[in-house]
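Visitor: This one is protein_19.cif, mmCIF, C-alpha atoms.
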```
data_model
#
loop_
_atom_site.label_atom_id
_atom_site.label_comp_id
_atom_site.auth_asym_id
_atom_site.auth_seq_id
_atom_site.Cartn_x
_atom_site.Cartn_y
_atom_site.Cartn_z
CA MET U 428 140.38 53.94 127.76
CA ASN U 429 142.98 53.33 125.09
CA LEU U 430 143.86 55.49 122.13
CA ASN U 431 142.70 53.25 119.30
CA LEU U 432 139.55 55.20 118.48
CA LEU U 433 141.46 58.48 118.37
CA SER U 434 144.05 56.96 116.04
CA TYR U 435 141.32 55.67 113.72
CA ALA U 436 139.70 59.10 113.68
CA LEU U 437 143.02 60.65 112.65
CA PHE U 438 144.11 57.89 110.26
CA PHE U 439 141.02 57.22 108.18
CA PRO U 440 140.00 60.74 107.00
CA ALA U 441 143.59 61.77 106.28
CA MET U 442 144.40 58.66 104.27
CA LEU U 443 141.06 58.77 102.48
CA ALA U 444 141.75 62.36 101.44
CA ILE U 445 145.16 61.40 100.03
CA ALA U 446 143.73 58.38 98.20
CA VAL U 447 140.90 60.43 96.68
CA TRP U 448 143.34 63.16 95.64
CA THR U 449 145.67 60.64 93.98
CA ALA U 450 142.75 59.06 92.15
CA GLN U 451 141.53 62.42 90.89
CA VAL U 452 144.95 63.45 89.66
CA SER U 453 145.26 60.15 87.78
CA HIS U 454 141.76 60.59 86.38
CA ARG U 455 142.51 64.09 85.12
CA HIS U 456 145.97 63.50 83.70
CA GLY U 457 145.55 59.88 82.63
CA ARG U 458 142.90 60.90 80.11
CA VAL U 459 145.45 62.15 77.57
CA TRP U 460 147.24 58.82 77.69
CA MET U 461 144.03 56.86 77.34
CA LEU U 462 143.05 58.95 74.32
CA ARG U 463 146.35 57.90 72.82
CA VAL U 464 145.73 54.22 73.61
CA PHE U 465 142.12 54.23 72.31
CA ASP U 466 142.74 56.28 69.16
CA GLY U 467 141.14 59.49 70.39
CA GLU U 468 137.63 58.12 70.98
CA ALA U 469 136.73 60.67 73.65
CA VAL U 470 133.28 59.32 74.62
CA PHE U 471 134.60 55.81 75.13
CA VAL U 472 137.70 57.00 76.99
CA ASP U 473 135.63 59.12 79.37
CA ALA U 474 133.34 56.18 80.14
CA VAL U 475 136.27 53.89 80.93
CA ASN U 476 138.02 56.61 82.89
CA ASN U 477 134.96 57.29 85.09
CA VAL U 478 134.49 53.62 85.88
CA LEU U 479 138.17 53.30 86.76
CA LEU U 480 137.91 56.34 89.06
CA VAL U 481 135.03 54.84 91.01
CA GLY U 482 136.77 51.48 91.15
CA CYS U 483 139.83 53.21 92.56
CA TYR U 484 137.74 54.99 95.23
CA VAL U 485 135.94 51.85 96.29
CA VAL U 486 138.99 49.63 96.51
CA ASN U 487 141.19 52.21 98.27
CA ALA U 488 138.53 53.21 100.80
CA GLY U 489 137.70 49.55 101.34
CA TYR U 490 141.33 48.67 102.02
CA LEU U 491 141.71 51.58 104.45
CA ALA U 492 138.63 50.43 106.37
CA LEU U 493 139.74 46.81 106.24
CA VAL U 494 143.13 47.44 107.86
CA ILE U 495 141.48 49.42 110.68
CA GLY U 496 140.07 46.15 111.94
CA TRP U 497 143.58 44.73 112.42
CA TRP U 498 145.35 47.33 114.61
CA GLU U 499 147.00 46.31 117.86
CA PRO U 500 145.75 47.91 121.11
CA ILE U 501 147.35 51.32 121.70
CA VAL U 502 147.71 52.53 125.27
CA GLU U 503 150.21 55.38 125.43
CA LEU U 504 150.72 58.50 123.37
CA PRO U 505 154.29 57.69 122.15
CA GLU U 506 153.08 54.27 121.10
CA MET U 507 150.17 55.86 119.26
CA LEU U 508 152.47 58.17 117.33
CA ALA U 509 154.77 55.30 116.38
CA VAL U 510 151.95 53.01 115.23
CA LEU U 511 150.17 55.82 113.40
CA THR U 512 153.31 56.82 111.54
CA ARG U 513 154.11 53.26 110.55
CA ARG U 514 150.58 52.65 109.29
CA ILE U 515 150.50 55.91 107.35
CA ALA U 516 153.88 55.12 105.79
CA THR U 517 152.63 51.70 104.66
CA ILE U 518 149.57 53.24 103.02
CA LEU U 519 151.65 55.90 101.29
CA PHE U 520 154.07 53.29 99.92
CA LEU U 521 151.17 51.19 98.66
CA LEU U 522 149.59 54.19 96.95
CA ALA U 523 152.91 55.14 95.37
CA TRP U 524 153.43 51.61 94.11
CA LEU U 525 149.93 51.52 92.57
CA HIS U 526 150.51 54.92 91.04
CA TYR U 527 153.75 53.92 89.31
CA GLN U 528 152.09 50.71 88.22
CA ASN U 529 149.36 52.77 86.53
CA ILE U 530 151.90 54.98 84.81
CA ALA U 531 153.84 51.94 83.58
CA VAL U 532 150.71 50.30 82.14
CA LEU U 533 149.70 53.44 80.25
CA LEU U 534 153.22 53.99 78.96
CA LEU U 535 153.77 50.43 77.77
CA TRP U 536 150.32 50.16 76.23
CA SER U 537 150.68 53.37 74.22
CA ARG U 538 154.16 52.35 73.10
CA PHE U 539 152.80 48.96 72.02
CA LYS U 540 150.07 50.68 70.01
CA GLN U 541 152.47 53.07 68.36
CA ARG U 542 154.69 50.21 67.33
CA ARG U 543 151.75 48.40 65.71
CA GLN U 544 150.65 51.40 63.65
CA PRO U 545 153.71 53.51 62.91
CA THR U 546 151.94 56.75 61.98
CA PRO U 547 148.96 57.21 64.30
CA PRO U 548 146.79 60.26 63.65
CA MET U 549 147.05 62.21 66.89
CA PRO U 550 143.73 63.62 68.16
CA MET K 1256 127.19 47.95 128.62
CA THR K 1257 124.60 46.46 126.32
CA ASP K 1258 125.51 44.58 123.20
CA LYS K 1259 125.98 46.77 120.13
CA THR K 1260 125.36 44.17 117.46
CA VAL K 1261 121.99 45.54 116.37
CA LEU K 1262 123.45 49.04 116.15
CA ALA K 1263 126.25 47.63 113.99
CA TYR K 1264 123.71 46.05 111.63
CA PHE K 1265 121.83 49.31 111.32
CA ILE K 1266 125.05 51.13 110.41
CA TYR K 1267 126.30 48.40 108.07
CA LEU K 1268 123.12 48.01 106.02
CA PRO K 1269 122.73 51.58 104.69
CA LEU K 1270 126.46 51.83 104.08
CA ALA K 1271 126.71 48.59 102.11
CA LEU K 1272 123.49 49.11 100.15
CA GLY K 1273 124.31 52.75 99.42
CA LEU K 1274 127.76 51.78 98.21
CA THR K 1275 126.25 49.16 95.89
CA LEU K 1276 123.82 51.71 94.52
CA TYR K 1277 126.58 54.27 93.89
CA VAL K 1278 128.91 51.79 92.18
CA ALA K 1279 126.17 50.26 90.04
CA ARG K 1280 124.82 53.62 88.90
CA THR K 1281 128.25 54.85 87.87
CA LEU K 1282 129.13 51.61 86.14
CA PHE K 1283 125.97 51.42 84.08
CA ARG K 1284 125.75 55.11 83.28
CA ASN K 1285 129.12 54.65 81.62
CA GLY K 1286 128.28 51.13 80.41
CA ARG K 1287 125.84 52.56 77.89
CA VAL K 1288 128.75 53.56 75.64
CA PHE K 1289 129.95 49.96 75.56
CA MET K 1290 126.46 48.61 74.91
CA LEU K 1291 125.96 51.01 72.01
CA ASP K 1292 129.25 49.80 70.62
CA ILE K 1293 128.38 46.13 71.12
CA PHE K 1294 124.92 46.46 69.56
CA ARG K 1295 126.21 48.75 66.81
CA GLY K 1296 124.30 51.87 67.74
CA LYS K 1297 120.85 50.26 68.21
CA THR K 1298 119.75 52.50 71.09
CA ASP K 1299 116.70 50.55 72.27
CA ILE K 1300 118.36 47.18 72.62
CA ALA K 1301 121.53 48.72 74.08
CA ASP K 1302 119.57 50.58 76.77
CA SER K 1303 117.44 47.54 77.59
CA THR K 1304 120.43 45.24 77.92
CA ASN K 1305 122.22 47.81 80.04
CA ARG K 1306 119.22 48.12 82.37
CA LEU K 1307 118.85 44.34 82.67
CA PHE K 1308 122.50 43.95 83.64
CA GLU K 1309 122.17 46.84 86.10
CA VAL K 1310 119.29 45.12 87.88
CA GLY K 1311 121.28 41.89 87.93
CA PHE K 1312 124.21 43.76 89.48
CA TYR K 1313 121.93 45.17 92.21
CA LEU K 1314 120.43 41.78 93.01
CA LEU K 1315 123.74 39.95 93.11
CA ASN K 1316 125.64 42.47 95.21
CA MET K 1317 122.85 43.43 97.59
CA GLY K 1318 122.26 39.73 98.10
CA PHE K 1319 125.93 39.28 98.94
CA ALA K 1320 125.84 42.30 101.29
CA LEU K 1321 122.95 40.72 103.21
CA LYS K 1322 124.58 37.29 103.17
CA VAL K 1323 127.71 38.52 104.99
CA LEU K 1324 125.78 40.75 107.43
CA GLU K 1325 125.95 38.48 110.47
CA ILE K 1326 128.51 39.37 113.18
CA HIS K 1327 129.72 36.37 115.13
CA ARG K 1328 131.12 38.06 118.23
CA ALA K 1329 129.82 40.13 121.08
CA LEU K 1330 130.39 43.85 120.65
CA GLU K 1331 130.81 45.47 124.03
CA THR K 1332 132.89 48.61 123.52
CA ASN K 1333 132.74 51.32 120.91
CA GLN K 1334 136.20 50.32 119.76
CA GLU K 1335 135.06 46.78 118.97
CA LEU K 1336 132.07 48.21 117.14
CA VAL K 1337 134.27 50.42 114.96
CA GLU K 1338 136.79 47.65 114.25
CA VAL K 1339 134.25 45.00 113.30
CA LEU K 1340 132.25 47.46 111.20
CA ALA K 1341 135.34 48.74 109.41
CA ASP K 1342 136.43 45.18 108.68
CA LYS K 1343 133.01 44.28 107.27
CA VAL K 1344 132.37 47.41 105.24
CA GLY K 1345 135.96 47.47 103.96
CA GLY K 1346 135.84 43.83 102.88
CA PHE K 1347 132.54 44.42 101.13
CA ALA K 1348 133.88 47.52 99.38
CA ILE K 1349 136.86 45.57 98.03
CA TYR K 1350 134.54 42.80 96.82
CA LEU K 1351 132.44 45.47 95.11
CA GLY K 1352 135.54 46.92 93.46
CA ALA K 1353 136.46 43.47 92.18
CA MET K 1354 132.95 43.05 90.73
CA LEU K 1355 133.25 46.49 89.11
CA PHE K 1356 136.52 45.60 87.40
CA LEU K 1357 135.13 42.20 86.36
CA ASN K 1358 132.18 43.97 84.75
CA LEU K 1359 134.48 46.41 83.01
CA TYR K 1360 136.51 43.49 81.68
CA LEU K 1361 133.33 41.82 80.38
CA PHE K 1362 132.32 45.08 78.68
CA PHE K 1363 135.71 45.26 76.97
CA ARG K 1364 135.48 41.63 75.94
CA GLY K 1365 131.99 42.09 74.49
CA ARG K 1366 133.18 45.12 72.57
CA ARG K 1367 136.15 43.25 71.13
CA LYS K 1368 134.03 40.24 70.13
CA SER K 1369 131.47 42.49 68.50
CA ARG K 1370 134.20 44.22 66.49
CA GLU K 1371 135.69 40.90 65.42
CA ASN K 1372 132.37 39.70 64.01
CA ARG K 1373 131.58 42.95 62.27
CA PRO K 1374 131.04 42.44 58.52
CA LEU K 1375 133.35 44.22 56.11
CA PRO K 1376 132.20 47.70 55.05
CA PRO K 1377 130.64 47.97 51.57
CA ALA K 1378 133.10 48.41 48.73
CA GLY K 1379 134.14 52.00 48.12
CA THR K 1380 133.61 53.21 51.69
CA ILE K 1381 136.38 53.86 54.08
CA ALA K 1382 136.26 52.35 57.54
CA THR K 1383 136.45 55.28 59.94
CA GLU K 1384 136.75 53.14 63.03
CA PRO K 1385 140.11 51.54 63.62
CA ALA K 1386 139.94 47.80 64.20
CA TYR K 1387 141.42 46.61 67.48
#
```
Written as structure tokens, how would this file's structure read?

Guide:
Amino acid sequence: MNLNLLSYALFFPAMLAIAVWTAQVSHRHGRVWMLRVFDGEAVFVDAVNNVLLVGCYVVNAGYLALVIGWWEPIVELPEMLAVLTRRIATILFLLAWLHYQNIAVLLLWSRFKQRRQPTPPMP
Amino acid sequence: MTDKTVLAYFIYLPLALGLTLYVARTLFRNGRVFMLDIFRGKTDIADSTNRLFEVGFYLLNMGFALKVLEIHRALETNQELVEVLADKVGGFAIYLGAMLFLNLYLFFRGRRKSRENRPLPPAGTIATEPAY
């Protein structure tokens, strides 16, 4: 019996929780920025925001499940800890990169809009 | 130990179909706003078009889920079962996410096109919607 199944059972729920949490934080706090980008049209912004949230869930959970199929066999406990830590670190870096990417898009887009119409009526 | 392929199919099917259902429902519940925008507030035609596209989304993605169902290797241990299932469900979920974002892009595009073709407001009225 090797330790792969145990590692999966530790890895998947923990990473899924972090991904869901990140997505929800972005959903909650990205709304203000999207209102700025879409001229304060709240109904439209909420629709887009909800679809983006679900897209984020599906893609993140899908990627987490996908990489589980590619792990090497794990036999000993020290090996398990090393592999688990490396895998978790990779996921965290990916999430961080996506997160900053999101922030950059919102920032640049709202700056672009403000430059096109110099005095936007703030909602 | 006996082969676990049939068990894998019975786990994969509800997961993949349920995921499709969840994604499609969310997408088209929020797609209504876009449709109303595209069809300029005509509720009946917006709702009908939305529903038609929703059914199309179900057919396309459930069809794809069934198409990729087959597992081409013997599953003997629980570990193999988990790994193959995770690979399949995860791949399908990412495909579904791609379809979701494609749909969202098409919604945006339709909205932009509809706004471009919108006739000018009658003289003396002020356009309340910004044009972009």

Visitor: From (134.9, 47.4, 108.2), in the file's coordinates, out to 7 Å: which residues are reached, counting only C-alpha atoms? Answer as an mmCIF file with C-alpha atoms, in the coordinates of the input.

Guide:
```cif
data_model
loop_
_atom_site.group_PDB
_atom_site.id
_atom_site.type_symbol
_atom_site.label_atom_id
_atom_site.label_comp_id
_atom_site.auth_asym_id
_atom_site.auth_seq_id
_atom_site.Cartn_x
_atom_site.Cartn_y
_atom_site.Cartn_z
ATOM 1 C CA ALA U 492 138.630 50.430 106.370
ATOM 2 C CA LEU U 493 139.740 46.810 106.240
ATOM 3 C CA GLY U 496 140.070 46.150 111.940
ATOM 4 C CA GLU K 1338 136.790 47.650 114.250
ATOM 5 C CA VAL K 1339 134.250 45.000 113.300
ATOM 6 C CA LEU K 1340 132.250 47.460 111.200
ATOM 7 C CA ALA K 1341 135.340 48.740 109.410
ATOM 8 C CA ASP K 1342 136.430 45.180 108.680
ATOM 9 C CA LYS K 1343 133.010 44.280 107.270
ATOM 10 C CA VAL K 1344 132.370 47.410 105.240
ATOM 11 C CA GLY K 1345 135.960 47.470 103.960
ATOM 12 C CA GLY K 1346 135.840 43.830 102.880
#
```

Visitor: When the cut-off is 8 Å and we count all atoms listed in the file, which residues of chain U are near chain K, given as a list in words?

Guide: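 My answer is Asn431, Leu432, Asp466, Val470, Phe471, Ala474, Val475, Asn477, Val478, Leu479, Val481, Gly482, Cys483, Val485, Val486, Asn487, Ala488, Gly489, Tyr490, Leu491, Ala492, Leu493, Val494, Ile495, Gly496 and Trp497 of chain U.
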
Visitor: Of the candidates U:Ala469, U:Val532, U:Val447, U:Ala441, which shows the shortest atom-to-atom distance to U:Ile515, using all atoms listed in the file?

Guide: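 Smallest separation from U:Ile515 among the options: U:Ala441.
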
Visitor: Hey, which of U:Asn429, U:Trp536, U:Thr449, U:Leu437 ends up closest to U:Leu521? Count only C-alpha atoms.

Guide: U:Thr449

Visitor: Which residues come within 12 Å of K:Tyr1264, counting only C-alpha atoms, excluding same-chain residues fewer than 5 positions away, as a ChimeraX atom specification?

Guide: /K:1258-1259,1269-1272,1320-1321,1323-1327,1330,1336-1337,1339-1340,1343-1344

Visitor: Writing N, CA, C and O atoms and nothing else, produce stretch 1341-1371 of chain K as a short mmCIF file (atom, residue, chain, number, x, y, z; two decimals), in the first residue's frame.

Guide:
```cif
data_model
loop_
_atom_site.label_atom_id
_atom_site.label_comp_id
_atom_site.auth_asym_id
_atom_site.auth_seq_id
_atom_site.Cartn_x
_atom_site.Cartn_y
_atom_site.Cartn_z
N ALA K 1341 -10.07 11.38 -11.69
CA ALA K 1341 -9.70 12.77 -11.49
C ALA K 1341 -9.25 13.39 -12.80
O ALA K 1341 -9.63 14.52 -13.14
N ASP K 1342 -8.45 12.65 -13.56
CA ASP K 1342 -7.98 13.13 -14.85
C ASP K 1342 -9.16 13.43 -15.78
O ASP K 1342 -9.23 14.50 -16.40
N LYS K 1343 -10.12 12.53 -15.82
CA LYS K 1343 -11.26 12.69 -16.72
C LYS K 1343 -12.17 13.83 -16.29
O LYS K 1343 -12.50 14.71 -17.10
N VAL K 1344 -12.55 13.82 -15.02
CA VAL K 1344 -13.47 14.85 -14.55
C VAL K 1344 -12.80 16.22 -14.61
O VAL K 1344 -13.41 17.22 -15.01
N GLY K 1345 -11.51 16.27 -14.23
CA GLY K 1345 -10.79 17.54 -14.27
C GLY K 1345 -10.68 18.08 -15.68
O GLY K 1345 -10.93 19.26 -15.92
N GLY K 1346 -10.33 17.22 -16.62
CA GLY K 1346 -10.25 17.66 -18.02
C GLY K 1346 -11.58 18.17 -18.51
O GLY K 1346 -11.67 19.23 -19.16
N PHE K 1347 -12.65 17.45 -18.16
CA PHE K 1347 -13.98 17.88 -18.60
C PHE K 1347 -14.35 19.22 -17.97
O PHE K 1347 -14.94 20.09 -18.64
N ALA K 1348 -14.00 19.40 -16.69
CA ALA K 1348 -14.33 20.66 -16.02
C ALA K 1348 -13.61 21.83 -16.69
O ALA K 1348 -14.20 22.91 -16.86
N ILE K 1349 -12.35 21.62 -17.08
CA ILE K 1349 -11.63 22.72 -17.74
C ILE K 1349 -12.25 23.02 -19.11
O ILE K 1349 -12.42 24.18 -19.49
N TYR K 1350 -12.63 21.97 -19.84
CA TYR K 1350 -13.33 22.18 -21.11
C TYR K 1350 -14.60 23.00 -20.89
O TYR K 1350 -14.89 23.95 -21.64
N LEU K 1351 -15.33 22.64 -19.82
CA LEU K 1351 -16.59 23.33 -19.52
C LEU K 1351 -16.32 24.81 -19.20
O LEU K 1351 -17.07 25.69 -19.63
N GLY K 1352 -15.24 25.05 -18.45
CA GLY K 1352 -14.87 26.43 -18.15
C GLY K 1352 -14.55 27.20 -19.41
O GLY K 1352 -14.96 28.36 -19.58
N ALA K 1353 -13.85 26.56 -20.34
CA ALA K 1353 -13.53 27.22 -21.61
C ALA K 1353 -14.81 27.55 -22.36
O ALA K 1353 -14.96 28.65 -22.92
N MET K 1354 -15.77 26.62 -22.38
CA MET K 1354 -17.04 26.88 -23.06
C MET K 1354 -17.79 28.03 -22.40
O MET K 1354 -18.41 28.86 -23.07
N LEU K 1355 -17.71 28.08 -21.06
CA LEU K 1355 -18.37 29.16 -20.31
C LEU K 1355 -17.80 30.51 -20.71
O LEU K 1355 -18.53 31.45 -21.01
N PHE K 1356 -16.47 30.60 -20.77
CA PHE K 1356 -15.85 31.88 -21.10
C PHE K 1356 -16.10 32.23 -22.57
O PHE K 1356 -16.29 33.41 -22.90
N LEU K 1357 -16.15 31.22 -23.43
CA LEU K 1357 -16.48 31.47 -24.84
C LEU K 1357 -17.88 32.07 -24.96
O LEU K 1357 -18.10 33.05 -25.68
N ASN K 1358 -18.83 31.47 -24.20
CA ASN K 1358 -20.19 31.97 -24.21
C ASN K 1358 -20.27 33.40 -23.72
O ASN K 1358 -20.98 34.23 -24.28
N LEU K 1359 -19.53 33.67 -22.64
CA LEU K 1359 -19.51 35.02 -22.08
C LEU K 1359 -18.96 36.01 -23.11
O LEU K 1359 -19.50 37.10 -23.29
N TYR K 1360 -17.92 35.59 -23.83
CA TYR K 1360 -17.36 36.44 -24.87
C TYR K 1360 -18.40 36.71 -25.96
O TYR K 1360 -18.55 37.84 -26.42
N LEU K 1361 -19.14 35.65 -26.34
CA LEU K 1361 -20.16 35.84 -27.39
C LEU K 1361 -21.26 36.78 -26.91
O LEU K 1361 -21.76 37.61 -27.68
N PHE K 1362 -21.63 36.66 -25.62
CA PHE K 1362 -22.63 37.58 -25.05
C PHE K 1362 -22.14 39.03 -25.17
O PHE K 1362 -22.86 39.92 -25.60
N PHE K 1363 -20.88 39.24 -24.78
CA PHE K 1363 -20.31 40.59 -24.83
C PHE K 1363 -20.31 41.12 -26.25
O PHE K 1363 -20.61 42.28 -26.51
N ARG K 1364 -19.95 40.23 -27.18
CA ARG K 1364 -19.85 40.62 -28.58
C ARG K 1364 -21.23 41.01 -29.11
O ARG K 1364 -21.39 42.05 -29.77
N GLY K 1365 -22.24 40.18 -28.77
CA GLY K 1365 -23.60 40.48 -29.21
C GLY K 1365 -24.06 41.81 -28.67
O GLY K 1365 -24.68 42.62 -29.38
N ARG K 1366 -23.73 42.06 -27.41
CA ARG K 1366 -24.13 43.31 -26.78
C ARG K 1366 -23.48 44.51 -27.48
O ARG K 1366 -24.12 45.52 -27.75
N ARG K 1367 -22.19 44.36 -27.80
CA ARG K 1367 -21.49 45.46 -28.46
C ARG K 1367 -22.07 45.74 -29.84
O ARG K 1367 -22.36 46.88 -30.20
N LYS K 1368 -22.31 44.64 -30.60
CA LYS K 1368 -22.86 44.79 -31.95
C LYS K 1368 -24.22 45.45 -31.89
O LYS K 1368 -24.54 46.32 -32.71
N SER K 1369 -25.04 45.01 -30.92
CA SER K 1369 -26.38 45.58 -30.80
C SER K 1369 -26.31 47.07 -30.50
O SER K 1369 -27.09 47.86 -31.02
N ARG K 1370 -25.34 47.45 -29.68
CA ARG K 1370 -25.21 48.89 -29.35
C ARG K 1370 -24.70 49.70 -30.52
O ARG K 1370 -25.06 50.86 -30.69
N GLU K 1371 -23.84 49.06 -31.35
CA GLU K 1371 -23.32 49.77 -32.52
C GLU K 1371 -24.43 50.09 -33.50
O GLU K 1371 -24.46 51.15 -34.12
#
```
